[in-house]
Structures are given as structure tokens and as C-alpha cells.
file target.cif (mmCIF, C-alpha atoms)
data_target
loop_
_atom_site.label_atom_id
_atom_site.label_comp_id
_atom_site.auth_asym_id
_atom_site.auth_seq_id
_atom_site.Cartn_x
_atom_site.Cartn_y
_atom_site.Cartn_z
CA MET J 1 -15.79 30.99 15.55
CA LYS J 2 -13.29 29.15 17.72
CA ARG J 3 -9.71 30.33 18.11
CA TYR J 4 -7.21 28.00 16.45
CA ASN J 5 -3.74 26.91 17.46
CA ILE J 6 -0.52 28.60 16.44
CA ILE J 7 0.66 27.47 13.00
CA ASN J 8 3.19 24.67 13.18
CA GLU J 9 6.50 25.82 11.69
CA ILE J 10 8.05 22.36 11.18
CA PRO J 11 7.69 21.32 7.52
CA PRO J 12 5.43 18.27 7.20
CA SER J 13 6.50 15.13 5.35
CA ILE J 14 5.24 11.83 3.96
CA ASN J 15 6.89 8.45 3.51
CA VAL J 16 6.64 6.97 0.02
CA GLU J 17 8.07 3.46 -0.19
CA GLY J 18 10.73 4.28 2.39
CA LYS J 19 11.64 7.64 0.89
CA LEU J 20 10.88 10.66 3.03
CA ILE J 21 9.38 13.53 1.05
CA VAL J 22 9.66 16.74 3.05
CA PHE J 23 7.46 19.68 2.11
CA ASP J 24 10.06 22.28 3.01
CA ARG J 25 9.08 23.91 -0.26
CA PRO J 26 5.80 23.62 -2.21
CA LYS J 27 5.48 20.85 -4.78
CA VAL J 28 3.34 20.24 -7.86
CA MET J 29 1.04 17.35 -8.76
CA GLY J 30 0.06 16.99 -12.42
CA ILE J 31 -3.47 15.86 -13.30
CA LEU J 32 -4.03 12.94 -15.68
CA ASN J 33 -7.70 12.21 -16.40
CA ALA J 34 -8.33 8.88 -18.10
CA THR J 35 -11.96 9.92 -18.50
CA PRO J 36 -13.97 11.17 -21.48
CA ASP J 37 -15.84 13.86 -19.55
CA SER J 38 -13.40 15.72 -17.28
CA PHE J 39 -14.07 19.45 -17.44
CA HIS J 40 -10.67 20.43 -18.92
CA SER J 41 -10.12 18.49 -22.14
CA VAL J 42 -6.34 18.94 -22.23
CA SER J 43 -5.96 16.72 -19.15
CA ARG J 44 -7.84 13.81 -20.75
CA VAL J 45 -5.61 10.87 -21.57
CA ALA J 46 -7.38 8.00 -23.30
CA GLY J 47 -4.85 5.18 -23.27
CA VAL J 48 -1.25 4.57 -22.31
CA ASP J 49 0.43 6.53 -25.11
CA LYS J 50 -1.46 9.76 -24.44
CA ALA J 51 -0.96 9.38 -20.70
CA LEU J 52 2.78 8.90 -21.09
CA ALA J 53 3.08 11.85 -23.45
CA LEU J 54 1.32 14.24 -21.09
CA ALA J 55 3.12 12.81 -18.06
CA GLU J 56 6.49 13.28 -19.78
CA LYS J 57 5.69 16.94 -20.39
CA MET J 58 4.56 17.44 -16.79
CA VAL J 59 7.59 15.75 -15.26
CA ALA J 60 9.93 17.72 -17.50
CA GLU J 61 8.23 20.91 -16.32
CA GLY J 62 8.71 20.03 -12.65
CA ALA J 63 5.86 17.81 -11.43
CA GLU J 64 6.97 15.58 -8.56
CA PHE J 65 3.57 13.86 -8.31
CA LEU J 66 1.17 12.59 -10.97
CA ASP J 67 -2.49 11.97 -10.13
CA LEU J 68 -4.33 9.54 -12.39
CA GLY J 69 -8.11 9.23 -12.30
CA GLY J 70 -10.61 7.06 -14.14
CA CYS J 71 -13.80 8.39 -12.55
CA SER J 72 -14.94 11.94 -13.19
CA THR J 73 -16.13 13.67 -10.01
CA ARG J 74 -17.21 16.95 -11.57
CA PRO J 75 -20.56 18.28 -10.31
CA GLY J 76 -23.53 16.36 -11.71
CA SER J 77 -21.41 13.48 -12.97
CA GLU J 78 -22.64 9.90 -12.94
CA PRO J 79 -20.05 7.43 -11.64
CA PRO J 80 -18.91 4.69 -14.03
CA THR J 81 -18.95 1.07 -13.00
CA ILE J 82 -15.96 -0.23 -11.09
CA GLU J 83 -14.87 -2.25 -14.12
CA THR J 84 -15.11 0.78 -16.42
CA GLU J 85 -13.06 2.89 -14.01
CA TRP J 86 -10.45 0.15 -13.76
CA GLU J 87 -10.34 -0.43 -17.52
CA ARG J 88 -9.44 3.22 -18.02
CA ILE J 89 -6.41 3.21 -15.72
CA HIS J 90 -5.15 -0.36 -15.26
CA ALA J 91 -2.52 -0.28 -18.03
CA ILE J 92 -1.47 3.32 -17.41
CA ILE J 93 -0.34 2.80 -13.80
CA PRO J 94 2.54 0.35 -14.47
CA ALA J 95 3.51 2.32 -17.56
CA LEU J 96 3.88 5.47 -15.47
CA ARG J 97 5.89 3.67 -12.79
CA LYS J 98 8.28 2.30 -15.40
CA ALA J 99 8.71 5.56 -17.29
CA PHE J 100 8.95 7.84 -14.23
CA PRO J 101 10.49 5.89 -11.34
CA ASP J 102 11.34 9.05 -9.39
CA THR J 103 7.82 10.51 -9.60
CA VAL J 104 5.10 9.67 -7.08
CA ILE J 105 2.16 8.02 -8.85
CA SER J 106 -1.17 8.75 -7.15
CA VAL J 107 -4.55 7.34 -8.11
CA ASP J 108 -7.64 9.49 -7.72
CA THR J 109 -10.43 7.20 -6.53
CA TYR J 110 -12.92 6.89 -3.69
CA ARG J 111 -13.53 3.16 -4.25
CA SER J 112 -11.69 0.66 -2.10
CA GLU J 113 -11.62 -2.01 -4.83
CA ILE J 114 -10.04 0.39 -7.31
CA ALA J 115 -7.55 1.48 -4.65
CA ARG J 116 -6.56 -2.15 -4.00
CA ARG J 117 -6.11 -2.92 -7.68
CA ALA J 118 -4.23 0.34 -8.30
CA LEU J 119 -1.80 -0.31 -5.46
CA ASP J 120 -1.22 -3.85 -6.71
CA ALA J 121 -0.46 -2.35 -10.14
CA GLY J 122 2.17 0.01 -8.71
CA ALA J 123 0.38 3.13 -7.49
CA GLN J 124 2.08 4.77 -4.51
CA MET J 125 -0.63 7.01 -3.11
CA ILE J 126 -4.44 7.25 -2.97
CA ASN J 127 -6.29 10.53 -3.46
CA ASP J 128 -9.84 10.09 -2.12
CA ILE J 129 -12.14 13.06 -2.75
CA SER J 130 -14.63 11.69 -0.22
CA GLY J 131 -12.40 11.24 2.82
CA GLY J 132 -13.70 7.69 3.16
CA THR J 133 -17.35 8.76 3.39
CA LEU J 134 -18.37 7.07 0.12
CA ASP J 135 -16.51 3.80 0.75
CA PRO J 136 -15.20 3.41 4.33
CA GLN J 137 -13.29 0.24 3.37
CA ILE J 138 -10.74 2.39 1.55
CA PHE J 139 -9.04 3.15 4.87
CA LYS J 140 -8.28 -0.53 5.42
CA ILE J 141 -6.82 -0.90 1.94
CA VAL J 142 -4.55 2.14 2.29
CA ALA J 143 -3.44 0.97 5.74
CA GLU J 144 -2.67 -2.52 4.44
CA TYR J 145 -0.39 -1.14 1.74
CA GLN J 146 1.05 1.63 3.95
CA VAL J 147 0.89 4.38 1.33
CA PRO J 148 0.08 8.08 1.74
CA TYR J 149 -3.59 9.06 1.70
CA VAL J 150 -5.13 12.35 0.59
CA LEU J 151 -7.96 13.05 3.03
CA SER J 152 -10.41 15.44 1.38
CA HIS J 153 -13.53 17.24 2.53
CA LEU J 154 -16.68 16.51 0.53
CA LYS J 155 -20.22 17.55 1.38
CA GLY J 156 -22.70 15.19 -0.29
CA VAL J 157 -21.92 13.14 -3.40
CA PRO J 158 -20.52 14.34 -6.73
CA LYS J 159 -23.84 14.13 -8.59
CA THR J 160 -25.68 16.47 -6.19
CA MET J 161 -22.94 18.15 -4.16
CA GLN J 162 -23.48 21.54 -5.80
CA ASP J 163 -27.26 21.57 -5.22
CA ASP J 164 -27.29 24.50 -2.78
CA PRO J 165 -24.76 23.32 -0.14
CA GLN J 166 -25.25 25.07 3.21
CA TYR J 167 -22.92 25.66 6.19
CA GLN J 168 -23.39 27.42 9.53
CA ASP J 169 -19.63 27.84 10.02
CA LEU J 170 -17.76 26.65 6.94
CA ILE J 171 -14.20 26.79 8.26
CA GLY J 172 -15.18 25.45 11.66
CA GLU J 173 -17.10 22.56 10.10
CA ILE J 174 -14.21 21.58 7.83
CA TYR J 175 -11.80 21.87 10.76
CA HIS J 176 -14.01 19.62 12.90
CA TYR J 177 -14.39 17.18 9.99
CA PHE J 178 -10.61 16.91 9.64
CA SER J 179 -10.21 16.41 13.39
CA GLU J 180 -12.64 13.49 13.38
CA ARG J 181 -11.55 11.91 10.10
CA ILE J 182 -7.84 12.11 10.95
CA LYS J 183 -8.53 10.08 14.09
CA LYS J 184 -10.41 7.45 12.06
CA VAL J 185 -7.61 7.31 9.52
CA ARG J 186 -4.94 7.03 12.22
CA ASP J 187 -6.90 4.38 14.12
CA THR J 188 -7.06 2.27 10.96
CA GLY J 189 -3.26 2.33 10.71
CA ILE J 190 -2.57 4.96 8.05
CA ASN J 191 0.52 7.00 8.91
CA ASP J 192 0.93 9.47 6.07
CA ILE J 193 -1.90 11.93 5.44
CA ILE J 194 -2.29 14.91 3.12
CA LEU J 195 -5.25 17.22 3.74
CA ASP J 196 -7.39 18.70 0.97
CA PRO J 197 -10.22 21.10 1.96
CA GLY J 198 -12.09 20.12 -1.19
CA PHE J 199 -12.49 23.23 -3.30
CA GLY J 200 -15.62 22.82 -5.42
CA PHE J 201 -16.81 19.68 -3.66
CA GLY J 202 -20.06 20.73 -2.04
CA LYS J 203 -19.14 24.43 -1.90
CA LYS J 204 -20.64 27.55 -3.41
CA LEU J 205 -18.46 30.19 -5.03
CA GLU J 206 -18.20 32.22 -1.84
CA HIS J 207 -17.37 29.09 0.19
CA ASN J 208 -14.33 28.39 -2.00
CA PHE J 209 -12.95 31.89 -1.54
CA LEU J 210 -13.55 31.77 2.20
CA ILE J 211 -11.54 28.53 2.40
CA LEU J 212 -8.74 30.09 0.38
CA LYS J 213 -8.73 33.15 2.64
CA ASN J 214 -8.45 30.92 5.73
CA LEU J 215 -6.22 28.19 4.31
CA HIS J 216 -3.51 28.85 6.89
CA ILE J 217 -5.81 27.50 9.61
CA PHE J 218 -5.38 23.93 8.38
CA GLN J 219 -1.67 24.04 9.10
CA ASP J 220 -2.72 23.40 12.71
CA PHE J 221 -2.77 19.70 11.86
CA ALA J 222 0.95 19.69 10.95
CA MET J 223 0.22 17.76 7.74
CA PRO J 224 0.79 18.71 4.10
CA VAL J 225 -2.12 20.69 2.67
CA MET J 226 -3.04 20.09 -0.96
CA VAL J 227 -4.95 22.64 -3.01
CA GLY J 228 -6.91 21.64 -6.11
CA ILE J 229 -8.30 24.80 -7.70
CA SER J 230 -6.84 24.51 -11.19
CA ARG J 231 -9.30 25.92 -13.79
CA LYS J 232 -12.25 25.19 -11.49
CA SER J 233 -15.60 26.98 -11.49
CA MET J 234 -14.55 29.30 -8.65
CA ILE J 235 -12.30 30.87 -11.28
CA HIS J 236 -14.14 30.65 -14.57
CA LYS J 237 -17.59 31.40 -13.16
CA ALA J 238 -16.26 34.31 -11.12
CA LEU J 239 -14.65 35.77 -14.24
CA GLY J 240 -17.35 34.80 -16.73
CA ILE J 241 -14.99 32.73 -18.87
CA SER J 242 -14.51 29.09 -19.84
CA PRO J 243 -12.15 26.60 -18.12
CA ASP J 244 -9.94 26.79 -21.20
CA ASP J 245 -9.40 30.50 -20.52
CA ALA J 246 -8.86 30.13 -16.77
CA LEU J 247 -5.08 29.73 -16.62
CA ASN J 248 -4.40 33.33 -15.60
CA GLY J 249 -7.00 33.15 -12.83
CA THR J 250 -5.60 29.81 -11.72
CA THR J 251 -2.13 31.28 -11.41
CA ALA J 252 -3.42 34.21 -9.38
CA LEU J 253 -5.20 31.92 -6.92
CA HIS J 254 -2.24 29.56 -6.75
CA MET J 255 -0.17 32.46 -5.42
CA ALA J 256 -2.87 33.16 -2.83
CA ALA J 257 -2.84 29.47 -1.84
CA LEU J 258 0.92 29.48 -1.45
CA MET J 259 0.75 32.59 0.70
CA GLY J 260 -1.78 30.70 2.81
CA GLY J 261 0.61 27.81 3.34
CA ALA J 262 -0.28 25.29 0.62
CA HIS J 263 2.30 22.52 0.32
CA LEU J 264 1.07 20.77 -2.83
CA LEU J 265 -0.65 22.25 -5.89
CA ARG J 266 -2.74 19.81 -7.95
CA VAL J 267 -2.73 21.33 -11.42
CA HIS J 268 -3.41 20.97 -15.12
CA ASP J 269 -0.60 23.39 -16.05
CA VAL J 270 2.65 22.36 -14.40
CA LYS J 271 5.03 24.90 -15.93
CA GLU J 272 2.99 27.85 -14.75
CA ALA J 273 2.54 26.38 -11.26
CA VAL J 274 6.28 25.82 -10.91
CA GLN J 275 6.94 29.40 -12.02
CA THR J 276 4.43 30.65 -9.46
CA ILE J 277 6.22 28.70 -6.71
CA LYS J 278 9.57 30.21 -7.73
CA LEU J 279 8.17 33.73 -7.51
CA TYR J 280 6.47 32.94 -4.21
CA GLU J 281 9.77 31.74 -2.76
CA LEU J 282 11.47 34.96 -3.85
CA ILE J 283 8.85 36.88 -1.89
CA LYS J 284 9.12 34.58 1.12
CA TYR J 285 12.89 34.31 1.42
CA THR J 286 14.16 37.70 0.22
CA GLU J 287 15.52 39.63 3.18
CA ALA J 288 15.63 43.40 3.61
#

call {"tool": "encode", "arguments": {"input": "target.cif", "output": "C-alpha cells"}}
result
Amino acid sequence: MKRYNIINEIPPSINVEGKLIVFDRPKVMGILNATPDSFHSVSRVAGVDKALALAEKMVAEGAEFLDLGGCSTRPGSEPPTIETEWERIHAIIPALRKAFPDTVISVDTYRSEIARRALDAGAQMINDISGGTLDPQIFKIVAEYQVPYVLSHLKGVPKTMQDDPQYQDLIGEIYHYFSERIKKVRDTGINDIILDPGFGFGKKLEHNFLILKNLHIFQDFAMPVMVGISRKSMIHKALGISPDDALNGTTALHMAALMGGAHLLRVHDVKEAVQTIKLYELIKYTEA
């Protein structure tokens, strides 16, 4: 496999509505699923009141980002119609902006039309699990509104992505993918990019752990790296448990991700993620 560049030591940053957010320390993004079929039921928020209640808890526990989604992308899932996806989130977005003006509101969608509507409703960031491969027009929308964009790696489509995905050189292929997609994103006019290697999105169990082991490599791009492993199958299948019992495993892998240079943890359990970051920083900054 190719030799990669020396890790960039300057902390990356993004611009959110004129405010510079510097990832000089790791941050936490809380997950809000306005869907009936997301794999962890606690994150499901059907309607504004439930979304606000869970968001309030997450912000109080230390979440600086909230990620709202109306389209389940778990393996084997069938996508809803655009109107169904929008119906699930359209009232929640402005409610979140009003209630939590100091928190970055992200919308988890790969559809350009949903992205446009969400940004008009007050969303401040787009989290696209497909990296623009499922709807290339999403780049133009994000560029038009000049908001940060989460560029993720996905092999295939959600419905079939876990049907025996194969790689010759997993880390090299993801690295090459990011190199090419970053250029496309930049050429469209998007300035602020967060990278997500896409744990569980077209990866077998061993692929996910190989990415985690080599996470530091993606710091070459000098961009924030987001990790979304909370309660995922790489944890509960490896341990033979359910997602509801996967908090301890999630915490263990969050520490590994932080040691590998993760800047943003996308999580169901904010309090535990914040505690993990505090302990990680004690390890990192304690001097002999």
C-alpha cells in the first residue's frame, strides 16, 4: 500500500454562518432520527415535541452539533419518497434552530431537493452518506448556500451495500475516493468539508475495524474527520449483543477513534461520548 503524508498538526476548522468552529478538541454530534425504522429506537423522534426533548437532553450533556434525518439508511432499508422524508423533518428544523441557537443543526440526507428545503428552513450543514454519488446535484445546493458538507464514503446503495462488499485495498481505495471527491466538491464551490469514512456503509465487520485501526491516515487531508460508529453492527455483531446493549462497546471504540485522531463523534449517547473525550484529553495532555 502507498506511503501517506505526515499527519497535519494544525487543527482543522469549518465556517458556520460566519462563525469559525475550530476542532482543537474533539466535539460531539447528537443523532435525531425522525424515522420509524432506525436501528436504535431511543434516537427516534416522531414530531417536534419529541425531537426538542431529546435535543434538549443532548445539548445539556454537551452536544455542539445535532444531526436530524428523515430517511433511514440502515442496511436493507427502502428509501421513502422525497415528500415523506420532508414531512418527517420540515417542522423540526426551525424548532431546533429557535430552541438551540448556539448549536449547529445538520440534516442527514443524500437528496439535493431535501437539502435545499432543509437549508431554506434553517439547517446549517448537510451530512450526505453518499458523498454525492446518489444525487450529484447536492454539491450545487450546498455550494449555493455555503454551508459545511459531510463527505462520506459509501460503496453501493443502502439497500444492498452489505451484500458482500469487496475491496482490493480498503484504506487505499477510500483514500483515493476522498482525493477525487474532495476535488469535485471544491470545484463546485464548497469550502467547508468534514470527512466520514463511512463505517457500516458497504463494509464488512473486518473492514470497519481496519478503518478504525488506520483512521489517522485521513488526517492527511487536513479536514475534520467524523466517526459514526455508535451502536452499529461492528459492535453488537462482534459481541453477540443487541444495539440496545452496545453502549459499552461504543464507548470503547470511541476512545480508539479519538486516539486515531477523530474530531467529531456522531453518537446516540452524548453524555458518555463527552466523558470519553474528557478522559482522552487527560491521556493526551498529561505530561510526565

call {"tool": "atom_distance", "arguments": {"input": "target.cif", "atom1": "CA of Asp135 (chain J)", "atom2": "CA of Tyr110 (chain J)"}}
result
6.5 Å

call {"tool": "resolve_selection", "arguments": {"input": "target.cif", "expression": "the PyMOL selection byres ((chain J and resi 199) around 10)", "output": "list in words"}}
result
Ser152, His153, Leu154, Asp196, Pro197, Gly198, Gly200, Phe201, Gly202, Lys203, Lys204, Leu205, His207, Asn208, Phe209, Ile211, Leu212, Val227, Gly228, Ile229, Ser230, Lys232, Ser233 and Met234 of chain J

call {"tool": "atom_distance", "arguments": {"input": "target.cif", "atom1": "CA of Glu85 (chain J)", "atom2": "CA of Cys71 (chain J)"}}
result
5.7 Å

call {"tool": "atom_distance", "arguments": {"input": "target.cif", "atom1": "CA of Met259 (chain J)", "atom2": "CA of Tyr167 (chain J)"}}
result
25.3 Å

call {"tool": "resolve_selection", "arguments": {"input": "target.cif", "expression": "the PyMOL selection byres ((chain J and resi 275) around 12)", "output": "number ranges by chain"}}
result
J: 26-28, 61-63, 251-252, 254-255, 269-274, 276-282

call {"tool": "write_last_selection", "arguments": {"input": "target.cif", "atoms": "C-alpha atoms", "output": "PDB file, in the frame of the given file"}}
result
ATOM      1  CA  PRO J  26       5.800  23.620  -2.210  1.00  0.00           C
ATOM      2  CA  LYS J  27       5.480  20.850  -4.780  1.00  0.00           C
ATOM      3  CA  VAL J  28       3.340  20.240  -7.860  1.00  0.00           C
ATOM      4  CA  GLU J  61       8.230  20.910 -16.320  1.00  0.00           C
ATOM      5  CA  GLY J  62       8.710  20.030 -12.650  1.00  0.00           C
ATOM      6  CA  ALA J  63       5.860  17.810 -11.430  1.00  0.00           C
ATOM      7  CA  THR J 251      -2.130  31.280 -11.410  1.00  0.00           C
ATOM      8  CA  ALA J 252      -3.420  34.210  -9.380  1.00  0.00           C
ATOM      9  CA  HIS J 254      -2.240  29.560  -6.750  1.00  0.00           C
ATOM     10  CA  MET J 255      -0.170  32.460  -5.420  1.00  0.00           C
ATOM     11  CA  ASP J 269      -0.600  23.390 -16.050  1.00  0.00           C
ATOM     12  CA  VAL J 270       2.650  22.360 -14.400  1.00  0.00           C
ATOM     13  CA  LYS J 271       5.030  24.900 -15.930  1.00  0.00           C
ATOM     14  CA  GLU J 272       2.990  27.850 -14.750  1.00  0.00           C
ATOM     15  CA  ALA J 273       2.540  26.380 -11.260  1.00  0.00           C
ATOM     16  CA  VAL J 274       6.280  25.820 -10.910  1.00  0.00           C
ATOM     17  CA  THR J 276       4.430  30.650  -9.460  1.00  0.00           C
ATOM     18  CA  ILE J 277       6.220  28.700  -6.710  1.00  0.00           C
ATOM     19  CA  LYS J 278       9.570  30.210  -7.730  1.00  0.00           C
ATOM     20  CA  LEU J 279       8.170  33.730  -7.510  1.00  0.00           C
ATOM     21  CA  TYR J 280       6.470  32.940  -4.210  1.00  0.00           C
ATOM     22  CA  GLU J 281       9.770  31.740  -2.760  1.00  0.00           C
ATOM     23  CA  LEU J 282      11.470  34.960  -3.850  1.00  0.00           C
TER      24      LEU J 282
END

call {"tool": "residues_around", "arguments": {"input": "target.cif", "residues": "region 139-146 of chain J", "least_positions_apart": "4", "cutoff": "7 Å", "atoms": "all atoms listed in the file", "output": "list of chain:residue names"}}
result
J:Ser112, J:Arg116, J:Gly132, J:Val185, J:Thr188, J:Gly189, J:Ile190

call {"tool": "resolve_selection", "arguments": {"input": "target.cif", "expression": "the PyMOL selection byres ((chain J and resi 29) around 8)", "output": "VMD selection string"}}
result
chain J and resid 27 to 28 30 to 31 63 to 67 264 to 267 270

call {"tool": "residues_around", "arguments": {"input": "target.cif", "residues": "Arg231 (chain J)", "least_positions_apart": "4", "cutoff": "12 Å", "atoms": "all atoms listed in the file", "output": "PyMOL selection string"}}
result
chain J and resi 31+38-43+199-200+235-239+241-254+266-269

call {"tool": "residues_around", "arguments": {"input": "target.cif", "residues": "Asp49 (chain J)", "least_positions_apart": "2", "cutoff": "12 Å", "atoms": "only C-alpha atoms", "output": "list in words"}}
result
Ala34, Arg44, Val45, Ala46, Gly47, Ala51, Leu52, Ala53, Leu54, Ala55, Glu56, Ala91, Ile92, Ile93, Ala95, Leu96 and Ala99 of chain J

call {"tool": "closest_residue", "arguments": {"input": "target.cif", "among": "J:Asp37, J:Gly131, J:Gly69, J:Leu215", "to": "Ile171 (chain J)", "atoms": "only C-alpha atoms"}}
result
J:Leu215
